[in-house]
Amino acid sequence: MAVLVERIETSHTDIAHTYADWRNLGFALASELGEEGRSYYHRLSHFYAGYKPEEADRQYTACLKSCGHGVTLKTLFYLAQQAGVDISPFPPFLPFPFSGEVPFRLKREMQKNWLNRKMPKMC
């Protein structure tokens with residue numbers, strides 16, 4: 001999820017254009033991450049022109065207390081996708097120190113196996 005948030009921040013994209021989307025973003029983060037999601041909520045909310053940190057804090061606290069009402073982290077990915085942010089899977093970090101470019105064969109195998117969470121053969 002951190003990579004998705006970085007992609008949103010890099011593109012300076014407001015993914016929650018309406019109050020309902022913003023509220024649901026809070027529900028999604030609160031239900032999956034609890035208090036740890038508060039910083040993500042601020043990071044994602046500040047692209048809205050009317051962003052107020054104290055208002056975002058109040059909303060996130062309300063989201064924590066309400067237990068999400070069935071809104072999941074999928075909502076974050078949906079909102080990002082609707083706003084034009086790339087949500088495609090990304091390959092995992094290499095499990096060893098690696099200098100230089102990742103060989104094409106290795107990169108291709110990592111991308112292919114990403115959804116199955118298999119690590120590629122190194123030799």
# chains A, B, ... in the order shown; residues from 1 in each chain; ligands from 1
>>> residues_around(residues="stretch 48-57 of chain A", least_positions_apart="3", cutoff="10 Å", atoms="only C-alpha atoms", output="PyMOL selection string")
chain A and resi 12-18+22-23+26+38-39+41-42+44-45+60-63
>>> write_last_selection(atoms="N, CA, C and O atoms", output="tab-separated table (two decimals), in the first residue's frame")
chain	number	residue	atom	x	y	z
A	12	HIS	N	0.44	13.99	-7.37
A	12	HIS	CA	-0.35	15.08	-6.76
A	12	HIS	C	-1.83	14.96	-7.12
A	12	HIS	O	-2.46	15.92	-7.54
A	13	THR	N	-2.36	13.76	-6.94
A	13	THR	CA	-3.73	13.46	-7.35
A	13	THR	C	-4.67	13.45	-6.16
A	13	THR	O	-4.42	12.77	-5.16
A	14	ASP	N	-5.77	14.19	-6.29
A	14	ASP	CA	-6.84	14.13	-5.31
A	14	ASP	C	-7.73	12.96	-5.69
A	14	ASP	O	-8.44	13.01	-6.69
A	15	ILE	N	-7.69	11.88	-4.92
A	15	ILE	CA	-8.46	10.68	-5.27
A	15	ILE	C	-9.86	10.69	-4.66
A	15	ILE	O	-10.68	9.86	-5.00
A	16	ALA	N	-10.12	11.61	-3.73
A	16	ALA	CA	-11.43	11.68	-3.06
A	16	ALA	C	-12.07	13.03	-3.38
A	16	ALA	O	-11.93	13.99	-2.63
A	17	HIS	N	-12.76	13.10	-4.50
A	17	HIS	CA	-13.33	14.36	-4.98
A	17	HIS	C	-14.57	14.79	-4.22
A	17	HIS	O	-14.93	15.96	-4.22
A	18	THR	N	-15.25	13.84	-3.61
A	18	THR	CA	-16.49	14.16	-2.91
A	18	THR	C	-16.34	13.83	-1.43
A	18	THR	O	-15.44	13.07	-1.03
A	22	TRP	N	-14.17	10.80	0.38
A	22	TRP	CA	-13.20	11.13	1.43
A	22	TRP	C	-13.52	10.36	2.71
A	22	TRP	O	-12.64	9.80	3.35
A	23	ARG	N	-14.80	10.32	3.07
A	23	ARG	CA	-15.25	9.58	4.25
A	23	ARG	C	-14.94	8.10	4.07
A	23	ARG	O	-14.39	7.45	4.98
A	26	GLY	N	-11.40	7.21	4.57
A	26	GLY	CA	-11.12	7.10	6.00
A	26	GLY	C	-11.58	5.77	6.57
A	26	GLY	O	-10.86	5.13	7.34
A	38	ARG	N	-3.95	6.78	10.10
A	38	ARG	CA	-4.20	8.23	10.20
A	38	ARG	C	-3.20	9.04	9.34
A	38	ARG	O	-3.59	9.97	8.64
A	39	SER	N	-1.94	8.68	9.41
A	39	SER	CA	-0.95	9.44	8.63
A	39	SER	C	-1.20	9.29	7.13
A	39	SER	O	-1.06	10.26	6.37
A	41	TYR	N	-4.12	8.84	5.83
A	41	TYR	CA	-5.33	9.65	5.57
A	41	TYR	C	-4.95	11.11	5.35
A	41	TYR	O	-5.43	11.75	4.41
A	42	HIS	N	-4.05	11.63	6.16
A	42	HIS	CA	-3.60	13.01	5.98
A	42	HIS	C	-2.82	13.15	4.67
A	42	HIS	O	-3.01	14.12	3.94
A	44	LEU	N	-3.10	11.48	1.96
A	44	LEU	CA	-3.98	11.39	0.80
A	44	LEU	C	-5.00	12.52	0.76
A	44	LEU	O	-5.46	12.90	-0.32
A	45	SER	N	-5.36	13.06	1.91
A	45	SER	CA	-6.37	14.13	1.97
A	45	SER	C	-5.83	15.50	1.60
A	45	SER	O	-6.57	16.37	1.16
A	60	TYR	N	-11.20	11.12	10.78
A	60	TYR	CA	-10.55	9.82	10.94
A	60	TYR	C	-10.91	9.19	12.28
A	60	TYR	O	-11.15	7.98	12.38
A	61	THR	N	-10.97	10.00	13.32
A	61	THR	CA	-11.38	9.50	14.63
A	61	THR	C	-12.79	8.92	14.57
A	61	THR	O	-13.07	7.85	15.12
A	62	ALA	N	-13.69	9.61	13.86
A	62	ALA	CA	-15.05	9.11	13.68
A	62	ALA	C	-15.04	7.79	12.90
A	62	ALA	O	-15.80	6.86	13.23
A	63	CYS	N	-14.18	7.68	11.91
A	63	CYS	CA	-14.07	6.44	11.13
A	63	CYS	C	-13.59	5.29	12.01
A	63	CYS	O	-14.09	4.17	11.90
>>> residues_around(residues="A:Val85", least_positions_apart="3", cutoff="12 Å", atoms="only C-alpha atoms", output="list in words")
Val3, Leu4, Val5, Glu6, Arg7, Ile8, Glu9, Thr10, Ser11, His12, Thr13, Asp14, Ile15, Leu76, Phe77, Tyr78, Leu79, Ala80, Gln81, Gln82 and Ser88 of chain A
>>> atom_distance(atom1="atom CA of A:Lys74", atom2="atom CA of A:Met1")
10.7 Å
>>> atom_distance(atom1="atom CA of A:Gly34", atom2="atom CA of A:His46")
19.4 Å
